[in-house]
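Inspection log for the structure reproduced underneath, given as structure tokens.
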Amino acid sequence: MFYHAYNNYLENAFPYDELRPLTCDGQDTWGSFSLTLIDALDTLLILGNVSEFQRVVSVLQEGVNFDIDVNASVFETNIRVVGGLLSAHLLSKKAGIKVEAGWPCSGPLLRMAEDAARKLLPAFQTPTGMPYGTINLLHGVNPGETPVTCTAGIGTFIVEFATLSHLTGDPVFEDVARKALKTLWKNRSEIGLVGNHIDVVTAKWVAQDAGIGAGVDSYFEYLVKGAILLQDEELMSMFLDYNKAIKNYTKFDDWYLWVQMYKGTVSMPVFQSLEAYWPGLQSLIGDIDNAMRTFLNYYTVWRQFGGLPEFYNIPQGYTVEKREGYPLRPELVESAMYLYRATQDPTLLELGRDVVEAIEKISKVDCGFATIKDLRDHRLDNRMESFFLAETVKYLYLLFDSDNFIHNNGSSFDVVLTPYGECVLGAGGYIFNTEAHPIDPAALHCCRKQKEEQWEVEDLMREFYSLQRSKKFTLRRTSDKRGGEGQKDSVNPSSERCKEQMNSKQKERRMPLLSCPSQPFNSKLAVLGQVFLDNT
């Protein structure tokens, strides 16, 4: 499935963003970045195709330029381009690419990711810190740009931007992502819900429907994934508070409806296909029973139509007018993959088989796989979104390939030498961004974020060597003792001076010389891709 789609993209659509499978040509959709190529890059490695991964990396280095007069979605550019490049950068060594000295703290793909992310930073320059939805990559935010942005478009940056900050040492990316997250949190309603569109200048809610689907979805996802990636209790606490409000006001019979964010009254009794990520997210916080019950509801919809319609009216049990399509979205398969890792329930493999058979039967055409325009009569649309190769096929493959390196349980790993010492990589616990680009959480600990930490290490080395010298000096004096005369051990005066200097430095900085907090139990287990909360 992957190569039928991928080869047709290369033959018929490259260097455009996407393939048009019915007319066998290409189109630019989200910018002009050869988007499908960036999005499919890490899937190539997960499928084991090292040579094509290497070839595409060199093609992208030569051919992709972000200094272009194009209006781009801040959200989509982040999750697809920045996320795709970061993931490929962190997987480069595994793919046999000769990495430069200092990797993973430097490298051509990291520089490209940083370049793309810097183009997005002007969008965050608002009174609230919440970003505009669209930016011109050459000129910044257009003067007449609408200040209305969806919630997900504000809260879906922490995974990529924190990774960038940790790898490059520039805190600006993580800072703007955190500020945007916290502004959304401060503007939740009294009953603990958020709407789906907000004015980023005034912080007034424009669309007040609250739910877990379109316009909100990846905000909740990134609170959980950001918490795991950064071991951040504040982010997890925010999510758990939202989770209580979502259960209280939107959950009915293991379905999740849309409600008014201030009153909690039902506004739309619909299930959206984008909501199918939720059982996978629940599995990450260990809520397996609820996740499975909701997943099985969604699976019944799939079996009814051979796909998930964009909107499904729950009381009527049928599609919603003008929302009958299925653009080969990954969310249901994504949840199946997570839940299968957690439960090994064979029902989840049956869902995977159903998805493969349905897409092959309904969507496959000579030049790729086409979006299903209407699930009632299986009419097709002339588009193959890049997420089909980035997510749908990848999650299907990972559902069935239990030995894939992505599923590593920590039993194997690589040790890499960086300018800051040894670094363990590739031990597993990968965090997928919302476009299914895997980020190795260990990489965030390879590169010193702050200069002070580097000085700490240097101070420690000085102290260590001065103590070594002191020890040798003492040993020499001891060996010179005659006839067991009791003499005091000598102390190297230079080491005393060194200690005094270091003590004064430490007082100035008010930080411990070396802080190695013992890792809490739940943090250790997070390496295995599961978060165990203290109260479970």
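Labeling convention for the structure tokens: chains A, B, ... as they appear, residues from 1 per chain, ligands from 1 in order of appearance.
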DSSP helix (DSSP H, G or I) selection over region 310-444 of chain A, as a PyMOL selection string: chain A and resi 331-343+346-363+387-400+405-407+441-444
Residues of region 352-442 of chain A in strand (DSSP E), written as an MDAnalysis selection string: chainID A and resid 364:365 368:369 371:374 379:381 414:418 421:425 431:432 438:439
Nearest to Met1 (chain A), chosen from A:Leu164, A:Val416, A:Val176, A:Val393, with only C-alpha atoms counted in the distances: A:Val393
Contact residues around Met238 (chain A) with only C-alpha atoms at 12 Å, ignoring same-chain residues under 3 positions, as a count of residues only: 25
Test item: residues at most 7 Å from Tyr16 (chain A), only C-alpha atoms, excluding those fewer than 5 positions along its chain, as a PyMOL selection string: chain A and resi 26-28+32+34
Nearest-residue call for Gly280 (chain A), choices A:Ala336, A:Ala180, A:Leu425, A:Val301, using only C-alpha atoms: A:Ala336
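Rounded to one decimal, CA of Ala5 (chain A) and CA of Cys367 (chain A) lie 7.2 Å from each other.
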Selection near Lys119 (chain A), 9 Å with only C-alpha atoms, sequence-local residues under 4 positions removed, as a PDB file with N, CA, C and O atoms, in the first residue's frame:
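Final output, saved to around.pdb:
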ATOM      1  N   PHE A  66      12.506  27.632   2.606  1.00  0.00           N
ATOM      2  CA  PHE A  66      11.377  28.243   3.310  1.00  0.00           C
ATOM      3  C   PHE A  66      11.296  29.761   3.097  1.00  0.00           C
ATOM      4  O   PHE A  66      10.389  30.401   3.620  1.00  0.00           O
ATOM      5  N   ASP A  67      12.241  30.323   2.351  1.00  0.00           N
ATOM      6  CA  ASP A  67      12.188  31.758   2.034  1.00  0.00           C
ATOM      7  C   ASP A  67      11.320  31.968   0.800  1.00  0.00           C
ATOM      8  O   ASP A  67      11.814  32.333  -0.274  1.00  0.00           O
ATOM      9  N   GLU A 114      14.653  24.058  12.392  1.00  0.00           N
ATOM     10  CA  GLU A 114      14.740  25.330  13.120  1.00  0.00           C
ATOM     11  C   GLU A 114      14.393  26.497  12.203  1.00  0.00           C
ATOM     12  O   GLU A 114      13.691  27.427  12.606  1.00  0.00           O
ATOM     13  N   ASP A 115      14.860  26.430  10.966  1.00  0.00           N
ATOM     14  CA  ASP A 115      14.573  27.476   9.979  1.00  0.00           C
ATOM     15  C   ASP A 115      13.062  27.591   9.754  1.00  0.00           C
ATOM     16  O   ASP A 115      12.482  28.680   9.769  1.00  0.00           O
ATOM     17  N   ALA A 123       4.036  34.661  14.266  1.00  0.00           N
ATOM     18  CA  ALA A 123       2.602  34.429  14.500  1.00  0.00           C
ATOM     19  C   ALA A 123       2.266  34.498  15.985  1.00  0.00           C
ATOM     20  O   ALA A 123       1.118  34.766  16.357  1.00  0.00           O
ATOM     21  N   ILE A 135       0.440  32.390   8.315  1.00  0.00           N
ATOM     22  CA  ILE A 135       1.579  33.305   8.241  1.00  0.00           C
ATOM     23  C   ILE A 135       2.164  33.265   6.836  1.00  0.00           C
ATOM     24  O   ILE A 135       2.127  32.220   6.176  1.00  0.00           O
ATOM     25  N   ASN A 136       2.683  34.416   6.385  1.00  0.00           N
ATOM     26  CA  ASN A 136       3.420  34.440   5.126  1.00  0.00           C
ATOM     27  C   ASN A 136       4.880  34.149   5.455  1.00  0.00           C
ATOM     28  O   ASN A 136       5.486  34.833   6.278  1.00  0.00           O
ATOM     29  N   LEU A 137       5.429  33.135   4.816  1.00  0.00           N
ATOM     30  CA  LEU A 137       6.769  32.671   5.188  1.00  0.00           C
ATOM     31  C   LEU A 137       7.850  33.708   4.894  1.00  0.00           C
ATOM     32  O   LEU A 137       8.921  33.677   5.493  1.00  0.00           O
ATOM     33  N   LEU A 138       7.555  34.646   3.981  1.00  0.00           N
ATOM     34  CA  LEU A 138       8.541  35.676   3.648  1.00  0.00           C
ATOM     35  C   LEU A 138       8.304  36.959   4.436  1.00  0.00           C
ATOM     36  O   LEU A 138       9.242  37.586   4.920  1.00  0.00           O
ATOM     37  N   GLY A 140       5.873  37.461   7.101  1.00  0.00           N
ATOM     38  CA  GLY A 140       5.280  37.378   8.441  1.00  0.00           C
ATOM     39  C   GLY A 140       3.755  37.424   8.382  1.00  0.00           C
ATOM     40  O   GLY A 140       3.151  37.057   7.371  1.00  0.00           O
TER      41      GLY A 140
END
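Near Met268 (chain A), within 8 Å and counting only C-alpha atoms, sit Leu257, Trp258 and Val259 of chain A; same-chain residues fewer than 3 positions away were not included.
Among A:Thr168, A:Gln272, A:Asn290, A:Asn248, the residue with the shortest atom-to-atom distance to Gly213 (chain A), counting only C-alpha atoms, is A:Gln272.
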Counting only C-alpha atoms, give me one row per residue of region 331-389 of chain A with an atom at most 12 Å from an atom of region 75-81 of chain A, showing the shortest contact pair and its distance in Å to one decimal, sorted by chain then residue number, as a tab-separated table.
residue	atom	partner	partner_atom	distance
A:Glu385	CA	A:Arg80	CA	11.5
A:Ser386	CA	A:Arg80	CA	8.7
A:Phe387	CA	A:Arg80	CA	8.5
A:Leu389	CA	A:Arg80	CA	11.6
Could you write out the selected residues, including N, CA, C and O atoms, as an mmCIF file, in the first residue's frame?
data_model
loop_
_atom_site.group_PDB
_atom_site.id
_atom_site.type_symbol
_atom_site.label_atom_id
_atom_site.label_comp_id
_atom_site.auth_asym_id
_atom_site.auth_seq_id
_atom_site.Cartn_x
_atom_site.Cartn_y
_atom_site.Cartn_z
ATOM 1 N N GLU A 385 -4.143 12.919 0.709
ATOM 2 C CA GLU A 385 -3.476 13.775 1.692
ATOM 3 C C GLU A 385 -2.165 13.136 2.142
ATOM 4 O O GLU A 385 -2.037 11.904 2.213
ATOM 5 N N SER A 386 -1.190 13.994 2.508
ATOM 6 C CA SER A 386 0.121 13.468 2.900
ATOM 7 C C SER A 386 0.027 12.622 4.163
ATOM 8 O O SER A 386 0.868 11.746 4.397
ATOM 9 N N PHE A 387 -0.995 12.838 4.986
ATOM 10 C CA PHE A 387 -1.091 12.045 6.219
ATOM 11 C C PHE A 387 -1.392 10.576 5.954
ATOM 12 O O PHE A 387 -1.231 9.729 6.831
ATOM 13 N N LEU A 389 0.354 8.643 4.035
ATOM 14 C CA LEU A 389 1.658 7.985 4.121
ATOM 15 C C LEU A 389 2.345 8.234 5.465
ATOM 16 O O LEU A 389 3.083 7.393 5.964
#
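Across the structure, CA of Ile212 (chain A) and CA of Tyr256 (chain A) are spaced 7.4 Å apart.
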Long-range neighbours of Phe305 (chain A) as a count of residues only, 10 Å cut-off, only C-alpha atoms, 5 positions minimum in chain: 11
